[in-house]
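To start, the structure itself, in structure tokens.
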Amino acid sequence: MTHRPARSRAHHSVARRPRALLAAGTGILATASLTLALTGSATAQPTGAPVTAGPTTVTPAGHSYAATLSGKATFKAGSVTVTCTVSNATGQVPQAPGNSNASGPVSNGISAPSYTSCTTSMPGVSATIQTSGAWGVTMQNGAPSTAGLTIPTGGFVLRTSGLASCTVTAAPTGAATVTGAWANGAPSTLTFTNASVPVKVVGGFGCPTSATTSTFNATYKVADTTDPASQITVTG
């Protein structure tokens with residue numbers, strides 16, 4: 001009988017090394033994938049201005065303005081969409097020299113926007129929206145220029161009633177900013193397209209309780225109320 005020579009410990013160690021390296025490599029890739037996923041989720045949150053921000057000037061300095069919804073505003077959480085046809089907010093351009101920033105955006109507070117005449121995509125379900133707290137807007141010159149609308153913690157609460165009783169709270173754990181595209185004009189406009197904001201949904205049957213973000217779409221006309229013949233503009 002021919003005896004097969006026994007393999008040495010060194011041979012077994014060498015044989016196991018590629019498997020160990022493969023396992024370690026797989027773990028590193030998995031960790032990297034998770035890190036990228038978490039980083040992507042974090043950076044996907046909208047901010048008030050680009051990372052590299054240039055100079056911004058908002059004029060006329062000190063003028064008050066009114067933002068009025070043009071068309072409709074929609075809020076989508078899970079499979080539920082709420083549509084509102086009336087929304088308004090007011091604010092004031094900072095007085096000079098605060099209306100200019102040589103290296104970034106110009107910020108000011110605005111009134112909590114109102115949302116009325118709201119309907120839902122669910123038959124037999126109505127909706128109301130309540131806003132509160134100190135809201136703000138951050139304007140940044142660019143291509144395109146942008147404006148970030150900051151929602152204070154819990155400053156936006158959407159409630160449905162009827163066949164489904166749900167409560168959707170935006171910015172549930174901290175202030176959140178949704179960013180839109182600004183266009184100078186007569187009047188100037190601010191457009192939010194699929195802007196994402198963190199939400200918390202509570203309720204029973206029919207409520208999208210697994211949703212953690214809501215998508216916001218709306219266009220506002222921004223008019224100068226101090227001098228209706230002037231326009232609110234964002235330049236460099």
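Labels for the structure tokens follow display order: chains A, B, ..., residues from 1 in each chain, ligands from 1.
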Report task. Find the residues near Ile129 in chain A: any atom within 7 Å, counting only C-alpha atoms, skip ones fewer than 2 places away on the same chain, and give them as a VMD selection string. Result -> chain A and resid 115 127 131 157 to 159
Export of prior selection with all heavy atoms as a short mmCIF file (atom, residue, chain, number, x, y, z; two decimals), in the first residue's frame:
```cif
data_model
loop_
_atom_site.label_atom_id
_atom_site.label_comp_id
_atom_site.auth_asym_id
_atom_site.auth_seq_id
_atom_site.Cartn_x
_atom_site.Cartn_y
_atom_site.Cartn_z
N TYR A 115 -50.03 76.74 4.85
CA TYR A 115 -50.48 75.82 3.80
C TYR A 115 -51.95 75.51 4.05
O TYR A 115 -52.31 74.98 5.10
CB TYR A 115 -49.67 74.52 3.82
CG TYR A 115 -48.21 74.71 3.47
CD1 TYR A 115 -47.26 74.87 4.46
CD2 TYR A 115 -47.79 74.72 2.14
CE1 TYR A 115 -45.92 75.06 4.16
CE2 TYR A 115 -46.45 74.91 1.82
CZ TYR A 115 -45.53 75.08 2.83
OH TYR A 115 -44.20 75.28 2.52
N ALA A 127 -56.66 66.55 4.96
CA ALA A 127 -55.38 66.90 5.55
C ALA A 127 -55.34 68.37 5.96
O ALA A 127 -55.94 69.23 5.30
CB ALA A 127 -54.24 66.61 4.58
N THR A 131 -47.75 75.02 10.88
CA THR A 131 -46.33 75.37 10.94
C THR A 131 -46.09 76.29 12.12
O THR A 131 -46.99 77.02 12.56
CB THR A 131 -45.87 76.06 9.65
OG1 THR A 131 -46.68 77.23 9.42
CG2 THR A 131 -45.99 75.12 8.45
N VAL A 157 -46.08 70.23 10.79
CA VAL A 157 -46.84 69.05 11.20
C VAL A 157 -48.05 68.89 10.28
O VAL A 157 -48.89 69.79 10.19
CB VAL A 157 -47.30 69.14 12.67
CG1 VAL A 157 -48.09 67.89 13.05
CG2 VAL A 157 -46.11 69.31 13.60
N LEU A 158 -48.11 67.76 9.59
CA LEU A 158 -49.22 67.44 8.69
C LEU A 158 -50.08 66.37 9.35
O LEU A 158 -49.56 65.33 9.78
CB LEU A 158 -48.69 66.95 7.35
CG LEU A 158 -49.67 66.68 6.21
CD1 LEU A 158 -48.93 66.77 4.87
CD2 LEU A 158 -50.31 65.30 6.31
N ARG A 159 -51.37 66.63 9.44
CA ARG A 159 -52.29 65.67 10.05
C ARG A 159 -53.39 65.29 9.06
O ARG A 159 -53.94 66.16 8.38
CB ARG A 159 -52.92 66.23 11.33
CG ARG A 159 -51.93 66.45 12.47
CD ARG A 159 -52.64 66.93 13.73
NE ARG A 159 -51.73 67.03 14.86
CZ ARG A 159 -51.04 68.11 15.16
NH1 ARG A 159 -51.14 69.20 14.39
NH2 ARG A 159 -50.24 68.13 16.21
#
```
Report task. Considering only C-alpha atoms, return as a count of residues only whatever protein or nucleic-acid residues lie within 10 Å of range 178-180 of chain A, sequence-local ones (same chain, fewer than 3 positions apart) excluded. Result -> 32
Query - Straight-line distance linking CA of Val202 in chain A with CA of Ile110 in chain A, stated in Å to one decimal - result: 28.3 Å
Query raised in the report: What's the 9 Å shell around Val168 in chain A, counting only C-alpha atoms, without same-chain residues fewer than 2 positions away, as an MDAnalysis selection string?
Result: chainID A and resid 77 156:160 166 170 199:203 209
Query - Residue nearest Ala61 in chain A - candidates A:Gln95, A:Ser165, A:Thr119, A:Thr128, atoms counted: only C-alpha atoms - result: A:Gln95
**Report entry** strand (DSSP E) positions in range 41-179 of chain A, given as a PyMOL selection string
**Finding:** chain A and resi 56-59+64-69+73-77+80-92+100-101+106-110+114-120+125-131+135-140+145-151+156-162+166-170+176-179
Write a file of the just-selected residues containing C-alpha atoms, as an mmCIF file, in the first residue's frame.
```cif
data_model
loop_
_atom_site.group_PDB
_atom_site.id
_atom_site.type_symbol
_atom_site.label_atom_id
_atom_site.label_comp_id
_atom_site.auth_asym_id
_atom_site.auth_seq_id
_atom_site.Cartn_x
_atom_site.Cartn_y
_atom_site.Cartn_z
ATOM 1 C CA THR A 56 -23.721 86.822 -2.812
ATOM 2 C CA THR A 57 -25.705 90.064 -2.739
ATOM 3 C CA VAL A 58 -29.474 90.252 -2.265
ATOM 4 C CA THR A 59 -31.228 93.471 -3.237
ATOM 5 C CA SER A 64 -39.766 93.306 2.622
ATOM 6 C CA TYR A 65 -41.055 90.565 0.360
ATOM 7 C CA ALA A 66 -43.891 88.055 0.049
ATOM 8 C CA ALA A 67 -43.535 84.499 -1.243
ATOM 9 C CA THR A 68 -46.763 83.208 -2.815
ATOM 10 C CA LEU A 69 -47.315 79.676 -4.090
ATOM 11 C CA ALA A 73 -47.312 72.283 -3.447
ATOM 12 C CA THR A 74 -47.049 68.529 -2.945
ATOM 13 C CA PHE A 75 -45.717 66.508 -0.040
ATOM 14 C CA LYS A 76 -45.164 62.793 -0.619
ATOM 15 C CA ALA A 77 -44.425 60.332 2.201
ATOM 16 C CA VAL A 80 -49.447 59.103 0.363
ATOM 17 C CA THR A 81 -49.362 62.480 -1.423
ATOM 18 C CA VAL A 82 -50.805 65.677 0.043
ATOM 19 C CA THR A 83 -51.467 68.575 -2.337
ATOM 20 C CA CYS A 84 -52.021 72.185 -1.226
ATOM 21 C CA THR A 85 -53.020 75.050 -3.502
ATOM 22 C CA VAL A 86 -52.504 77.993 -1.120
ATOM 23 C CA SER A 87 -49.241 78.845 0.641
ATOM 24 C CA ASN A 88 -47.682 82.136 1.729
ATOM 25 C CA ALA A 89 -44.708 83.453 3.682
ATOM 26 C CA THR A 90 -43.114 86.850 4.282
ATOM 27 C CA GLY A 91 -39.576 88.025 4.953
ATOM 28 C CA GLN A 92 -37.167 90.918 4.706
ATOM 29 C CA SER A 100 -23.929 91.088 0.967
ATOM 30 C CA ASN A 101 -21.483 88.295 1.756
ATOM 31 C CA VAL A 106 -27.008 85.731 2.726
ATOM 32 C CA SER A 107 -29.487 84.606 5.370
ATOM 33 C CA ASN A 108 -32.595 86.056 6.958
ATOM 34 C CA GLY A 109 -35.611 84.886 8.912
ATOM 35 C CA ILE A 110 -39.043 84.422 7.370
ATOM 36 C CA SER A 114 -48.951 78.728 5.759
ATOM 37 C CA TYR A 115 -50.478 75.816 3.797
ATOM 38 C CA THR A 116 -54.219 75.623 3.199
ATOM 39 C CA SER A 117 -56.716 74.119 0.719
ATOM 40 C CA CYS A 118 -55.023 70.733 1.045
ATOM 41 C CA THR A 119 -56.216 67.361 -0.269
ATOM 42 C CA THR A 120 -54.766 63.835 -0.150
ATOM 43 C CA VAL A 125 -58.974 61.293 3.904
ATOM 44 C CA SER A 126 -58.506 65.043 4.478
ATOM 45 C CA ALA A 127 -55.381 66.905 5.552
ATOM 46 C CA THR A 128 -54.353 70.017 7.486
ATOM 47 C CA ILE A 129 -50.880 71.501 7.971
ATOM 48 C CA GLN A 130 -49.649 73.492 10.953
ATOM 49 C CA THR A 131 -46.333 75.371 10.939
ATOM 50 C CA TRP A 135 -37.990 79.583 9.899
ATOM 51 C CA GLY A 136 -35.201 80.974 7.751
ATOM 52 C CA VAL A 137 -33.969 81.315 4.201
ATOM 53 C CA THR A 138 -30.388 81.293 2.883
ATOM 54 C CA MET A 139 -29.741 82.730 -0.585
ATOM 55 C CA GLN A 140 -26.601 81.849 -2.580
ATOM 56 C CA SER A 145 -28.621 80.537 -7.675
ATOM 57 C CA THR A 146 -30.205 78.708 -4.767
ATOM 58 C CA ALA A 147 -32.257 79.375 -1.677
ATOM 59 C CA GLY A 148 -32.339 77.025 1.280
ATOM 60 C CA LEU A 149 -35.515 76.987 3.362
ATOM 61 C CA THR A 150 -34.756 75.977 6.961
ATOM 62 C CA ILE A 151 -37.482 74.231 8.960
ATOM 63 C CA PHE A 156 -44.083 71.459 10.151
ATOM 64 C CA VAL A 157 -46.839 69.048 11.202
ATOM 65 C CA LEU A 158 -49.221 67.444 8.687
ATOM 66 C CA ARG A 159 -52.292 65.666 10.053
ATOM 67 C CA THR A 160 -54.797 63.550 8.169
ATOM 68 C CA SER A 161 -58.257 62.569 9.323
ATOM 69 C CA GLY A 162 -61.093 60.401 8.074
ATOM 70 C CA CYS A 166 -51.826 60.099 10.572
ATOM 71 C CA THR A 167 -49.387 62.695 11.885
ATOM 72 C CA VAL A 168 -46.324 63.581 9.812
ATOM 73 C CA THR A 169 -43.721 65.741 11.556
ATOM 74 C CA ALA A 170 -40.942 67.276 9.466
ATOM 75 C CA ALA A 176 -33.591 70.647 8.388
ATOM 76 C CA THR A 177 -33.015 72.607 5.180
ATOM 77 C CA VAL A 178 -34.584 72.010 1.773
ATOM 78 C CA THR A 179 -32.858 73.707 -1.147
#
```
Query - Spatial neighbours of Thr153 in chain A, max dist 6 Å, only C-alpha atoms, sep filter under 2 positions, as a ChimeraX atom specification - result: /A:155,171-172,174-175
Requested in this report: May I have all residues of range 20-227 of chain A that DSSP, computed from the backbone, assigns to helix (DSSP H, G or I), given as a ChimeraX atom specification?
Outcome: /A:20-43
Query raised in the report: To one decimal place, how far is CA of Ile232 in chain A from CA of Gly98 in chain A in Å?
Result: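 Going from CA of Ile232 in chain A over to CA of Gly98 in chain A, I get 15.0 Å.
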Report task. Could you check which of A:Ala229, A:Asn184, A:His63, A:Asp224 is closest to Ala143 in chain A, using only C-alpha atoms? Result ->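 Ranked by minimum distance to Ala143 in chain A, first place goes to A:Asn184.
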Requested in this report: For each of A:Lys72, A:Leu163, A:Ala112, A:Ser79, take the minimum atom-to-atom distance to Ser210 in chain A, counting only C-alpha atoms, then give the residue where this is smallest.
Outcome: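 Among A:Lys72, A:Leu163, A:Ala112, A:Ser79, it is A:Ser79 that comes nearest to Ser210 in chain A.
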Query raised in the report: Which of these residues is nearest to Asn141 in chain A, using only C-alpha atoms: A:Gly104, A:Gly78, A:Gly71, A:Gly204?
Result: A:Gly104
